[in-house]
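Chemist: Have a peek at target_12.csv (CSV, C-alpha atoms).
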```csv
chain,number,residue,atom,x,y,z
S,1,MET,CA,117.3,-74.8,-117.5
S,2,ALA,CA,119.5,-72.0,-116.2
S,3,LYS,CA,117.5,-72.0,-113.0
S,4,GLU,CA,118.0,-75.7,-112.5
S,5,ARG,CA,121.7,-75.4,-113.3
S,6,SER,CA,122.2,-72.7,-110.7
S,7,ARG,CA,120.3,-74.7,-108.1
S,8,LYS,CA,122.4,-77.9,-108.8
S,9,ALA,CA,125.6,-75.9,-108.6
S,10,LEU,CA,124.6,-74.4,-105.2
S,11,VAL,CA,123.5,-77.8,-103.8
S,12,GLU,CA,127.0,-79.1,-104.9
S,13,LEU,CA,128.7,-76.2,-103.1
S,14,LEU,CA,126.9,-77.3,-99.9
S,15,GLN,CA,128.9,-80.5,-99.9
S,16,ARG,CA,132.2,-78.6,-99.7
S,17,PRO,CA,134.1,-78.6,-96.4
S,18,GLY,CA,132.7,-76.0,-94.1
S,19,ASN,CA,129.5,-75.4,-96.0
S,20,ALA,CA,127.5,-78.4,-94.5
S,21,ALA,CA,126.8,-76.4,-91.3
S,22,CYS,CA,125.5,-72.8,-90.8
S,23,ALA,CA,128.4,-70.3,-91.0
S,24,ASP,CA,127.1,-68.6,-87.9
S,25,CYS,CA,125.6,-71.1,-85.5
S,26,ALA,CA,126.8,-74.5,-86.9
S,27,ALA,CA,123.2,-75.8,-87.4
S,28,PRO,CA,123.4,-78.7,-89.8
S,29,ASP,CA,122.1,-78.6,-93.4
S,30,PRO,CA,121.9,-74.8,-94.1
S,31,ASP,CA,119.3,-74.0,-96.7
S,32,TRP,CA,119.9,-70.3,-97.1
S,33,ALA,CA,122.8,-68.1,-98.2
S,34,SER,CA,124.0,-64.6,-98.0
S,35,HIS,CA,125.1,-63.9,-101.6
S,36,SER,CA,126.8,-60.6,-100.5
S,37,LEU,CA,129.0,-62.3,-97.9
S,38,GLY,CA,129.4,-65.7,-99.7
S,39,ILE,CA,128.2,-67.9,-96.8
S,40,PHE,CA,125.6,-70.6,-96.3
S,41,ILE,CA,123.4,-70.1,-93.3
S,42,CYS,CA,120.3,-71.7,-91.6
S,43,LEU,CA,116.8,-70.3,-91.6
S,44,ASN,CA,117.1,-68.7,-88.1
S,45,CYS,CA,120.3,-66.9,-88.9
S,46,SER,CA,118.9,-65.8,-92.3
S,47,GLY,CA,116.3,-63.9,-90.3
S,48,ILE,CA,119.0,-62.0,-88.4
S,49,HIS,CA,120.9,-61.3,-91.7
S,50,ARG,CA,117.7,-59.8,-93.2
S,51,ASN,CA,117.9,-57.1,-90.4
S,52,ILE,CA,121.3,-55.9,-91.7
S,53,PRO,CA,120.5,-55.5,-95.4
S,54,GLN,CA,123.3,-52.9,-95.8
S,55,VAL,CA,125.8,-55.8,-95.1
S,56,SER,CA,124.0,-59.0,-96.0
S,57,LYS,CA,121.6,-60.0,-98.9
S,58,VAL,CA,119.8,-63.3,-98.3
S,59,LYS,CA,118.4,-65.9,-100.6
S,60,SER,CA,117.0,-69.4,-100.3
S,61,VAL,CA,119.4,-72.0,-101.9
S,62,ARG,CA,116.5,-74.0,-103.4
S,63,LEU,CA,113.5,-71.6,-103.7
S,64,ASP,CA,115.0,-68.4,-105.1
S,65,ASP,CA,116.4,-67.5,-108.5
S,66,TRP,CA,120.2,-67.1,-108.7
S,67,ASP,CA,122.2,-65.5,-111.6
S,68,ASP,CA,125.6,-66.9,-112.7
S,69,ALA,CA,127.6,-64.1,-111.0
S,70,GLN,CA,126.0,-64.8,-107.7
S,71,VAL,CA,126.7,-68.5,-107.9
S,72,GLU,CA,130.3,-67.8,-108.9
S,73,PHE,CA,130.7,-65.5,-105.9
S,74,MET,CA,129.4,-68.3,-103.6
S,75,ALA,CA,131.8,-70.8,-105.3
S,76,SER,CA,134.9,-68.5,-104.8
S,77,ASN,CA,133.9,-67.8,-101.1
S,78,GLY,CA,132.0,-70.2,-98.9
S,79,ASN,CA,132.0,-70.6,-95.1
S,80,ASN,CA,135.7,-71.4,-94.5
S,81,VAL,CA,136.9,-68.4,-96.5
S,82,ALA,CA,134.5,-66.1,-94.7
S,83,LYS,CA,135.5,-67.5,-91.3
S,84,ALA,CA,139.2,-66.9,-92.1
S,85,LYS,CA,138.3,-63.3,-92.9
S,86,TYR,CA,135.6,-62.3,-90.4
S,87,GLU,CA,136.9,-64.3,-87.4
S,88,SER,CA,140.6,-63.8,-87.9
S,89,LYS,CA,141.2,-61.8,-84.7
S,90,MET,CA,138.5,-63.3,-82.5
S,91,PRO,CA,139.8,-63.5,-78.9
S,92,PRO,CA,139.7,-67.0,-77.4
S,93,PHE,CA,137.4,-65.9,-74.6
S,94,TYR,CA,134.6,-64.5,-76.9
S,95,TYR,CA,131.5,-66.6,-76.7
S,96,LYS,CA,130.8,-68.2,-80.0
S,97,PRO,CA,127.1,-69.2,-79.9
S,98,THR,CA,125.5,-72.3,-81.5
S,99,PHE,CA,122.0,-73.0,-82.7
S,100,LEU,CA,121.1,-74.0,-79.1
S,101,ASP,CA,121.8,-70.5,-77.7
S,102,CYS,CA,119.3,-67.7,-77.3
S,103,GLN,CA,118.4,-65.3,-80.1
S,104,LEU,CA,120.3,-62.3,-78.5
S,105,LEU,CA,123.7,-64.1,-78.4
S,106,ARG,CA,123.3,-65.2,-82.1
S,107,GLU,CA,122.2,-61.8,-83.3
S,108,GLN,CA,125.0,-60.0,-81.5
S,109,TRP,CA,127.6,-62.5,-82.8
S,110,ILE,CA,126.4,-62.0,-86.4
S,111,ARG,CA,126.4,-58.2,-86.0
S,112,ALA,CA,129.8,-58.2,-84.3
S,113,LYS,CA,131.2,-60.3,-87.2
S,114,TYR,CA,129.8,-58.7,-90.3
S,115,GLU,CA,128.3,-55.3,-89.3
S,116,ARG,CA,130.8,-54.0,-86.7
S,117,LYS,CA,133.8,-56.2,-88.0
S,118,GLU,CA,135.0,-56.6,-84.5
S,119,PHE,CA,137.2,-59.6,-85.3
S,120,ILE,CA,138.9,-57.9,-88.2
S,121,HIS,CA,139.7,-54.7,-86.2
S,122,SER,CA,140.8,-55.7,-82.7
S,123,GLU,CA,140.5,-52.1,-81.4
S,124,LYS,CA,136.8,-52.6,-81.6
S,125,GLN,CA,137.0,-55.2,-78.9
S,126,GLU,CA,137.9,-52.6,-76.2
S,127,PRO,CA,134.4,-52.8,-74.5
S,128,TYR,CA,135.0,-56.4,-73.4
S,129,SER,CA,138.8,-56.9,-73.5
S,130,ALA,CA,140.2,-53.8,-71.7
S,131,GLY,CA,140.1,-55.5,-68.3
S,132,TYR,CA,137.8,-52.8,-66.8
S,133,ARG,CA,134.2,-52.0,-67.5
S,134,GLU,CA,131.6,-49.9,-65.7
S,135,GLY,CA,128.1,-49.0,-66.4
S,136,PHE,CA,124.5,-49.3,-65.3
S,137,LEU,CA,122.3,-52.4,-65.5
S,138,TRP,CA,118.8,-53.1,-64.5
S,139,LYS,CA,119.0,-55.4,-61.4
S,140,ARG,CA,116.1,-57.4,-59.9
S,141,GLY,CA,115.5,-56.5,-56.3
S,142,ARG,CA,115.9,-59.5,-54.0
S,143,ASP,CA,112.8,-58.9,-51.9
S,144,ASN,CA,110.3,-57.0,-54.1
S,145,GLY,CA,111.2,-58.3,-57.6
S,146,GLN,CA,111.4,-54.8,-59.1
S,147,PHE,CA,114.2,-54.0,-61.5
S,148,LEU,CA,116.2,-51.0,-60.5
S,149,SER,CA,119.2,-49.3,-62.2
S,150,ARG,CA,122.4,-50.2,-60.5
S,151,LYS,CA,126.0,-49.2,-61.2
S,152,PHE,CA,128.3,-52.2,-61.9
S,153,VAL,CA,132.1,-52.2,-62.0
S,154,LEU,CA,134.2,-55.1,-63.4
S,155,SER,CA,137.9,-54.8,-62.6
S,156,GLU,CA,140.4,-57.5,-63.5
S,157,ARG,CA,143.0,-55.7,-61.3
S,158,GLU,CA,140.8,-56.0,-58.3
S,159,GLY,CA,139.7,-59.5,-59.3
S,160,ALA,CA,136.0,-58.6,-58.8
S,161,LEU,CA,132.7,-57.5,-60.2
S,162,LYS,CA,131.0,-55.1,-57.8
S,163,TYR,CA,127.7,-53.3,-57.8
S,164,PHE,CA,126.5,-50.2,-55.9
S,165,ASN,CA,123.0,-49.4,-54.7
S,166,LYS,CA,123.5,-45.6,-55.0
S,167,ASN,CA,125.5,-43.7,-57.7
S,168,ASP,CA,127.6,-41.9,-55.1
S,169,ALA,CA,128.0,-44.9,-52.7
S,170,LYS,CA,131.6,-45.4,-51.5
S,171,GLU,CA,131.1,-49.0,-50.6
S,172,PRO,CA,129.7,-51.6,-53.0
S,173,LYS,CA,126.6,-53.6,-52.0
S,174,ALA,CA,128.3,-56.8,-53.2
S,175,ILE,CA,131.8,-57.9,-54.2
S,176,MET,CA,131.8,-60.9,-56.5
S,177,LYS,CA,135.2,-62.5,-57.0
S,178,ILE,CA,136.1,-63.3,-60.6
S,179,GLU,CA,137.4,-66.7,-59.4
S,180,HIS,CA,133.8,-67.8,-58.6
S,181,LEU,CA,131.8,-65.8,-61.1
S,182,ASN,CA,129.4,-67.3,-63.7
S,183,ALA,CA,127.1,-65.7,-66.2
S,184,THR,CA,124.4,-67.3,-68.3
S,185,PHE,CA,121.6,-65.8,-70.5
S,186,GLN,CA,118.2,-66.7,-69.1
S,187,PRO,CA,115.6,-64.8,-71.2
S,188,ALA,CA,112.6,-67.0,-70.5
S,189,LYS,CA,113.3,-67.3,-66.7
S,190,ILE,CA,113.9,-63.6,-66.3
S,191,GLY,CA,111.1,-62.6,-68.6
S,192,ASN,CA,113.4,-60.3,-70.7
S,193,PRO,CA,115.1,-61.2,-74.1
S,194,HIS,CA,118.3,-59.6,-72.7
S,195,GLY,CA,118.1,-61.3,-69.3
S,196,LEU,CA,121.4,-62.4,-67.8
S,197,GLN,CA,121.8,-64.5,-64.6
S,198,ILE,CA,125.0,-63.9,-62.7
S,199,THR,CA,126.1,-66.2,-59.9
S,200,TYR,CA,128.9,-66.1,-57.4
S,201,LEU,CA,129.8,-67.9,-54.1
S,202,LYS,CA,129.0,-66.2,-50.8
S,203,ASP,CA,130.1,-68.1,-47.8
S,204,ASN,CA,130.4,-71.1,-50.2
S,205,SER,CA,126.7,-70.9,-51.1
S,206,THR,CA,125.5,-69.8,-54.5
S,207,ARG,CA,124.0,-66.3,-54.8
S,208,ASN,CA,122.0,-65.3,-57.9
S,209,ILE,CA,121.5,-61.9,-59.3
S,210,PHE,CA,119.4,-61.2,-62.4
S,211,VAL,CA,120.1,-58.2,-64.7
S,212,TYR,CA,119.4,-56.9,-68.1
S,213,HIS,CA,120.2,-53.9,-70.4
S,214,GLU,CA,117.8,-52.5,-73.0
S,215,ASP,CA,120.7,-52.5,-75.5
S,216,GLY,CA,121.6,-56.0,-76.8
S,217,LYS,CA,125.2,-55.1,-77.6
S,218,GLU,CA,125.7,-53.7,-74.0
S,219,ILE,CA,124.6,-56.8,-72.2
S,220,VAL,CA,126.5,-59.2,-74.5
S,221,ASP,CA,129.6,-57.0,-74.0
S,222,TRP,CA,129.2,-57.4,-70.3
S,223,PHE,CA,128.9,-61.1,-70.7
S,224,ASN,CA,132.1,-61.3,-72.8
S,225,ALA,CA,133.9,-58.9,-70.4
S,226,ILE,CA,133.1,-61.3,-67.6
S,227,ARG,CA,134.4,-64.2,-69.7
S,228,ALA,CA,137.6,-62.2,-70.5
S,229,ALA,CA,138.2,-61.5,-66.8
S,230,ARG,CA,137.7,-65.2,-66.0
S,231,PHE,CA,140.1,-66.2,-68.9
S,232,HIS,CA,142.9,-63.9,-67.6
S,233,TYR,CA,142.3,-65.0,-64.0
S,234,LEU,CA,142.6,-68.7,-65.1
S,235,GLN,CA,145.7,-68.1,-67.2
S,236,VAL,CA,147.5,-66.9,-64.0
S,237,ALA,CA,146.0,-69.7,-61.9
S,238,PHE,CA,146.9,-72.4,-64.4
S,239,PRO,CA,150.0,-71.2,-66.1
S,240,GLY,CA,150.6,-74.4,-68.1
S,241,ALA,CA,147.1,-74.7,-69.5
S,242,SER,CA,146.2,-74.1,-73.1
S,243,ASP,CA,143.4,-71.9,-74.3
S,244,ALA,CA,141.4,-75.0,-75.3
S,245,ASP,CA,141.7,-76.2,-71.6
S,246,LEU,CA,140.5,-72.8,-70.2
S,247,VAL,CA,137.8,-71.7,-72.6
S,248,PRO,CA,135.2,-74.3,-71.4
S,249,LYS,CA,135.7,-73.0,-67.8
S,250,LEU,CA,134.9,-69.4,-68.5
S,251,SER,CA,131.1,-69.6,-68.2
S,252,ARG,CA,128.6,-72.4,-67.7
S,253,ASN,CA,125.1,-73.0,-68.9
S,254,TYR,CA,123.1,-75.1,-66.5
S,255,LEU,CA,122.8,-78.8,-67.3
S,256,LYS,CA,119.1,-78.7,-66.5
S,257,GLU,CA,116.5,-76.7,-64.7
S,258,GLY,CA,112.9,-77.3,-63.8
S,259,TYR,CA,110.4,-78.2,-61.1
S,260,MET,CA,110.5,-81.4,-59.0
S,261,GLU,CA,109.0,-82.3,-55.7
S,262,LYS,CA,111.3,-83.1,-52.8
S,263,THR,CA,111.1,-84.4,-49.2
S,264,GLY,CA,113.3,-83.8,-46.2
S,265,PRO,CA,116.1,-86.0,-44.8
S,266,LYS,CA,113.8,-88.0,-42.6
S,267,GLN,CA,111.6,-88.7,-45.6
S,268,THR,CA,108.5,-88.5,-43.4
S,269,GLU,CA,107.4,-84.9,-44.1
S,270,GLY,CA,105.4,-84.1,-47.2
S,271,PHE,CA,106.8,-83.4,-50.6
S,272,LYS,CA,107.2,-79.8,-51.6
S,273,LYS,CA,107.4,-78.4,-55.1
S,274,ARG,CA,110.7,-76.7,-55.7
S,275,TRP,CA,112.7,-75.2,-58.7
S,276,PHE,CA,115.9,-77.2,-59.3
S,277,THR,CA,119.0,-76.1,-61.0
S,278,MET,CA,121.8,-78.5,-61.9
S,279,ASP,CA,125.0,-76.4,-62.1
S,280,ASP,CA,128.0,-78.7,-62.8
S,281,ARG,CA,128.0,-80.9,-59.6
S,282,ARG,CA,125.8,-78.6,-57.5
S,283,LEU,CA,122.1,-79.5,-57.5
S,284,MET,CA,120.4,-76.4,-56.0
S,285,TYR,CA,116.7,-76.0,-55.1
S,286,PHE,CA,114.7,-72.8,-54.8
S,287,LYS,CA,111.2,-71.9,-53.7
S,288,ASP,CA,111.0,-69.6,-56.8
S,289,PRO,CA,113.1,-69.7,-59.9
S,290,LEU,CA,114.2,-66.0,-59.3
S,291,ASP,CA,115.3,-66.4,-55.7
S,292,ALA,CA,118.6,-64.9,-54.7
S,293,PHE,CA,119.7,-67.9,-52.6
S,294,ALA,CA,119.0,-71.6,-52.8
S,295,ARG,CA,117.0,-73.3,-50.0
S,296,GLY,CA,119.5,-76.1,-50.2
S,297,GLU,CA,122.3,-77.6,-52.3
S,298,VAL,CA,123.2,-81.2,-52.9
S,299,PHE,CA,126.7,-82.3,-54.2
S,300,ILE,CA,126.5,-85.0,-56.9
S,301,GLY,CA,129.8,-86.9,-57.1
S,302,SER,CA,130.8,-89.8,-59.3
S,303,LYS,CA,130.0,-93.5,-59.3
S,304,GLU,CA,133.5,-94.4,-58.1
S,305,ASN,CA,132.6,-92.5,-55.0
S,306,SER,CA,129.4,-94.3,-54.3
S,307,TYR,CA,126.9,-91.9,-55.9
S,308,LYS,CA,124.0,-93.5,-57.8
S,309,VAL,CA,120.8,-92.4,-59.4
S,310,LEU,CA,117.8,-94.8,-59.4
S,311,GLU,CA,114.5,-94.6,-61.1
S,312,GLY,CA,111.5,-94.6,-58.7
S,313,LEU,CA,111.1,-94.1,-54.9
S,314,PRO,CA,111.5,-96.6,-52.0
S,315,PRO,CA,108.2,-98.6,-51.6
S,316,SER,CA,107.4,-97.0,-48.2
S,317,THR,CA,107.4,-93.4,-49.6
S,318,GLN,CA,104.3,-91.3,-49.0
S,319,GLY,CA,103.2,-87.8,-49.6
S,320,ASN,CA,104.4,-87.2,-53.2
S,321,HIS,CA,101.7,-85.7,-55.5
S,322,TRP,CA,103.8,-86.4,-58.6
S,323,GLN,CA,104.2,-90.1,-59.6
S,324,HIS,CA,107.6,-90.2,-61.4
S,325,GLY,CA,110.2,-90.7,-58.7
S,326,ILE,CA,114.0,-90.4,-58.7
S,327,THR,CA,116.3,-91.5,-55.9
S,328,ILE,CA,119.8,-90.1,-55.6
S,329,VAL,CA,122.1,-92.2,-53.4
S,330,THR,CA,125.1,-90.4,-51.9
S,331,PRO,CA,127.6,-91.8,-49.4
S,332,ASP,CA,125.7,-90.1,-46.6
S,333,ARG,CA,122.0,-90.4,-47.4
S,334,LYS,CA,119.3,-90.8,-50.0
S,335,PHE,CA,117.5,-87.9,-51.7
S,336,LEU,CA,114.0,-88.4,-53.0
S,337,PHE,CA,112.5,-86.4,-55.8
S,338,ALA,CA,109.3,-86.7,-57.9
S,339,CYS,CA,108.6,-85.4,-61.4
S,340,GLU,CA,105.3,-84.4,-63.0
S,341,THR,CA,105.8,-86.3,-66.2
S,342,GLU,CA,107.8,-89.4,-67.4
S,343,ASP,CA,109.6,-87.2,-69.9
S,344,ASP,CA,110.8,-84.9,-67.1
S,345,GLN,CA,111.9,-87.9,-65.0
S,346,LEU,CA,113.9,-89.3,-68.0
S,347,GLU,CA,115.6,-86.0,-68.6
S,348,TRP,CA,116.6,-85.5,-65.0
S,349,ILE,CA,117.9,-89.1,-64.7
S,350,THR,CA,119.9,-88.7,-67.9
S,351,THR,CA,121.4,-85.4,-66.5
S,352,PHE,CA,122.3,-87.0,-63.2
S,353,GLN,CA,123.8,-90.1,-64.9
S,354,LYS,CA,126.0,-87.9,-67.0
S,355,VAL,CA,127.4,-86.1,-63.9
S,356,ILE,CA,127.8,-89.4,-61.9
S,357,SER,CA,129.6,-91.1,-64.8
S,358,ARG,CA,132.2,-88.3,-65.0
S,359,PRO,CA,135.2,-89.0,-62.7
S,360,MET,CA,135.8,-86.3,-60.0
S,361,LEU,CA,138.6,-83.8,-60.4
S,362,PRO,CA,141.0,-83.1,-57.5
S,363,GLN,CA,139.5,-79.7,-56.7
S,364,GLU,CA,136.0,-81.3,-56.6
S,365,TYR,CA,136.9,-83.4,-53.6
S,366,ALA,CA,137.4,-80.2,-51.6
S,367,VAL,CA,134.0,-79.0,-52.7
S,368,GLU,CA,132.5,-82.3,-51.7
S,369,ALA,CA,134.2,-82.2,-48.3
S,370,HIS,CA,132.7,-78.7,-47.7
S,371,PHE,CA,129.2,-79.9,-48.5
S,372,LYS,CA,129.5,-82.7,-46.0
S,373,HIS,CA,130.2,-80.2,-43.2
S,374,LYS,CA,127.3,-77.9,-44.2
S,375,PRO,CA,124.8,-77.4,-41.4
```
Before anything else, please render the file you have as structure tokens.

Modeler:
Amino acid sequence: MAKERSRKALVELLQRPGNAACADCAAPDPDWASHSLGIFICLNCSGIHRNIPQVSKVKSVRLDDWDDAQVEFMASNGNNVAKAKYESKMPPFYYKPTFLDCQLLREQWIRAKYERKEFIHSEKQEPYSAGYREGFLWKRGRDNGQFLSRKFVLSEREGALKYFNKNDAKEPKAIMKIEHLNATFQPAKIGNPHGLQITYLKDNSTRNIFVYHEDGKEIVDWFNAIRAARFHYLQVAFPGASDADLVPKLSRNYLKEGYMEKTGPKQTEGFKKRWFTMDDRRLMYFKDPLDAFARGEVFIGSKENSYKVLEGLPPSTQGNHWQHGITIVTPDRKFLFACETEDDQLEWITTFQKVISRPMLPQEYAVEAHFKHKP
């Protein structure tokens, strides 16, 4: 009876505001709890909590035995109380992962909150909020694919992230302006659980670099340092904007990536298999997912500006091995693609439709104009 009473009390607590989603990744219907922190969490996050037993003690809400004191502790705390305590000094630029994000981001977020207490003691935020960071990262070589140790320097004052091919080099191998910088975790693509893809614009074309660090905290600190630098840059560039306006612009995950076949502008040559990345309004294609430069880029505007996505290919099309076609109509020409499966085709069409249904921003017209004059 006591067991049943405890379970019933816990299930009722899950209905309280804040408790219906995981305290750490916002996954719906959490079924686990940390009875030492007083929070309700999902199965995935409970696994991370188990790795910090000195901080967090985990139980299943429905399957484990609870004593009255533990239930009372959960009742007097809960997700909203814990958030007010453990996230009280969280800087607006710090990336708060969700259940859709990679394991590394979620693990470091949980450790930062409860183990290191970074958002209670703001001096612990120095590694990513000081405006300057330097250190070594493993960087993938553009030509041979080997990862080599390279020195990176991020300086808000200089407005750039730089890296050097030799420790004592005076001149950097690359200067990446904070204005055009993006970073996104890509563990599967890079083949490393700590893999980070950094992109920047070089002569208005996208350039990719792929890096990792053995230490999970280090690479996530680099990621948040880049976001902090972007945040402070945008605060100056858009003085009237609120934090809520700026935070979505700090870093972007790609809308979709994957293989499709494509043909050239005359639509007479054969279809070639390419890796495609949809990054905001830039559709880029690569021979290999880890190429440094795209083979080509297509600007995808809005329906008001005569951009359309159609299912299928024109009847006269030949040379595609894959049967599930997509036609993108732009003011200048049609682009023909083919997908391997119907599911892929549907996902790409949905992604393109989302972009096309979004009205263009003033600054996007300038980007579109540049694409039209690309050789």

Chemist: Quick one: residues within 12 Å of Pro315 in chain S, all atoms listed in the file, excluding same-chain residues fewer than 5 positions away - as a list of chain:residue names?

Modeler: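 Counting only the stated atoms, we get S:Gly325, S:Thr327, S:Leu336.
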
Chemist: Excluding same-chain residues fewer than 2 positions from Leu196 in chain S, what lies within 6 Å of it counting only C-alpha atoms, as a PyMOL selection string?

Modeler: chain S and resi 184-186+210-212

Chemist: Output C-alpha atoms of each residue in that selection to a file, as a short mmCIF file (atom, residue, chain, number, x, y, z; two decimals), in the frame of the given file.

Modeler:
```cif
data_model
loop_
_atom_site.label_atom_id
_atom_site.label_comp_id
_atom_site.auth_asym_id
_atom_site.auth_seq_id
_atom_site.Cartn_x
_atom_site.Cartn_y
_atom_site.Cartn_z
CA THR S 184 124.40 -67.30 -68.30
CA PHE S 185 121.60 -65.80 -70.50
CA GLN S 186 118.20 -66.70 -69.10
CA PHE S 210 119.40 -61.20 -62.40
CA VAL S 211 120.10 -58.20 -64.70
CA TYR S 212 119.40 -56.90 -68.10
#
```

Chemist: Excluding same-chain residues fewer than 3 positions from range 115-121 of chain S, what lies within 7 Å of it counting all atoms listed in the file, as a short mmCIF file (atom, residue, chain, number, x, y, z; two decimals) with C-alpha atoms, in the coordinates of the input?

Modeler:
```cif
data_model
loop_
_atom_site.label_atom_id
_atom_site.label_comp_id
_atom_site.auth_asym_id
_atom_site.auth_seq_id
_atom_site.Cartn_x
_atom_site.Cartn_y
_atom_site.Cartn_z
CA VAL S 55 125.80 -55.80 -95.10
CA TYR S 86 135.60 -62.30 -90.40
CA GLU S 87 136.90 -64.30 -87.40
CA SER S 88 140.60 -63.80 -87.90
CA LYS S 89 141.20 -61.80 -84.70
CA MET S 90 138.50 -63.30 -82.50
CA ARG S 111 126.40 -58.20 -86.00
CA ALA S 112 129.80 -58.20 -84.30
CA LYS S 124 136.80 -52.60 -81.60
CA GLN S 125 137.00 -55.20 -78.90
#
```

Chemist: Given only C-alpha atoms as the basis, pick out the residue of S:Ser56, S:Asn305, S:Thr263, S:Ser205 nearest to Thr317 in chain S.

Modeler: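 Checking each of S:Ser56, S:Asn305, S:Thr263, S:Ser205 against Thr317 in chain S, counting only C-alpha atoms, the winner is S:Thr263.
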
Chemist: Skip Phe231 in chain S itself and residues of its chain fewer than 3 positions away, then list as an mmCIF file with C-alpha atoms, in the coordinates of the input all residues within 9 Å of it, counting only C-alpha atoms.

Modeler:
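Listed below is the output, part-v3.cif:
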```cif
data_model
loop_
_atom_site.group_PDB
_atom_site.id
_atom_site.type_symbol
_atom_site.label_atom_id
_atom_site.label_comp_id
_atom_site.auth_asym_id
_atom_site.auth_seq_id
_atom_site.Cartn_x
_atom_site.Cartn_y
_atom_site.Cartn_z
ATOM 1 C CA PRO S 92 139.700 -67.000 -77.400
ATOM 2 C CA PHE S 93 137.400 -65.900 -74.600
ATOM 3 C CA ILE S 226 133.100 -61.300 -67.600
ATOM 4 C CA ARG S 227 134.400 -64.200 -69.700
ATOM 5 C CA ALA S 228 137.600 -62.200 -70.500
ATOM 6 C CA LEU S 234 142.600 -68.700 -65.100
ATOM 7 C CA GLN S 235 145.700 -68.100 -67.200
ATOM 8 C CA VAL S 236 147.500 -66.900 -64.000
ATOM 9 C CA ASP S 243 143.400 -71.900 -74.300
ATOM 10 C CA LEU S 246 140.500 -72.800 -70.200
ATOM 11 C CA VAL S 247 137.800 -71.700 -72.600
ATOM 12 C CA LYS S 249 135.700 -73.000 -67.800
ATOM 13 C CA LEU S 250 134.900 -69.400 -68.500
#
```

Chemist: To one decimal place in Å, what is the distance between CA of Cys25 in chain S and CA of Leu104 in chain S?

Modeler: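 Taking CA of Cys25 in chain S and CA of Leu104 in chain S, their separation equals 12.4 Å.
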
Chemist: Find the residue from S:Val81, S:Ala21, S:Leu361, S:Cys339 that sits nearest to Glu261 in chain S; use all atoms listed in the file when measuring.

Modeler: S:Cys339

Chemist: From the options S:Ser357, S:Ser149, S:Asn44, S:Gln70, which residue's atoms come nearest to Asn165 in chain S, counting all atoms listed in the file?

Modeler: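 Smallest separation from Asn165 in chain S among the options: S:Ser149.
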
Chemist: Compare S:Lys262, S:Lys273, S:Lys303, S:Arg358 by their minimum atom-to-atom distance to Phe335 in chain S, counting only C-alpha atoms, and give me the closest one.

Modeler: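 Of S:Lys262, S:Lys273, S:Lys303, S:Arg358, the one nearest Phe335 in chain S, counting only C-alpha atoms, is S:Lys262.
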
Chemist: Restricting the calculation to all atoms listed in the file, which member of S:Ala69, S:Ile328, S:Leu283, S:Met176 is positioned closest to Tyr307 in chain S?

Modeler: S:Ile328

Chemist: List as a ChimeraX atom specification the protein and nucleic acid residues near Gly141 in chain S, meaning an atom at most 9 Å away when all atoms listed in the file are counted, but skip any in the same chain fewer than 6 places from it.

Modeler: /S:147-148,209-210

Chemist: Ranking S:His180, S:His321, S:Gly301, S:Lys217 by minimum distance to Arg252 in chain S and counting only C-alpha atoms, which one comes first?

Modeler: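 Using only C-alpha atoms, the shortest distance to Arg252 in chain S belongs to S:His180.
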
Chemist: Which distance in Å separates CA of Pro265 in chain S and CA of Gly296 in chain S, to one decimal?

Modeler: 11.8 Å

Chemist: Have a look at CA of Gly135 in chain S and CA of Phe152 in chain S and let me know their distance in Å, one decimal.

Modeler: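 Separation of CA of Gly135 in chain S and CA of Phe152 in chain S: 5.5 Å.
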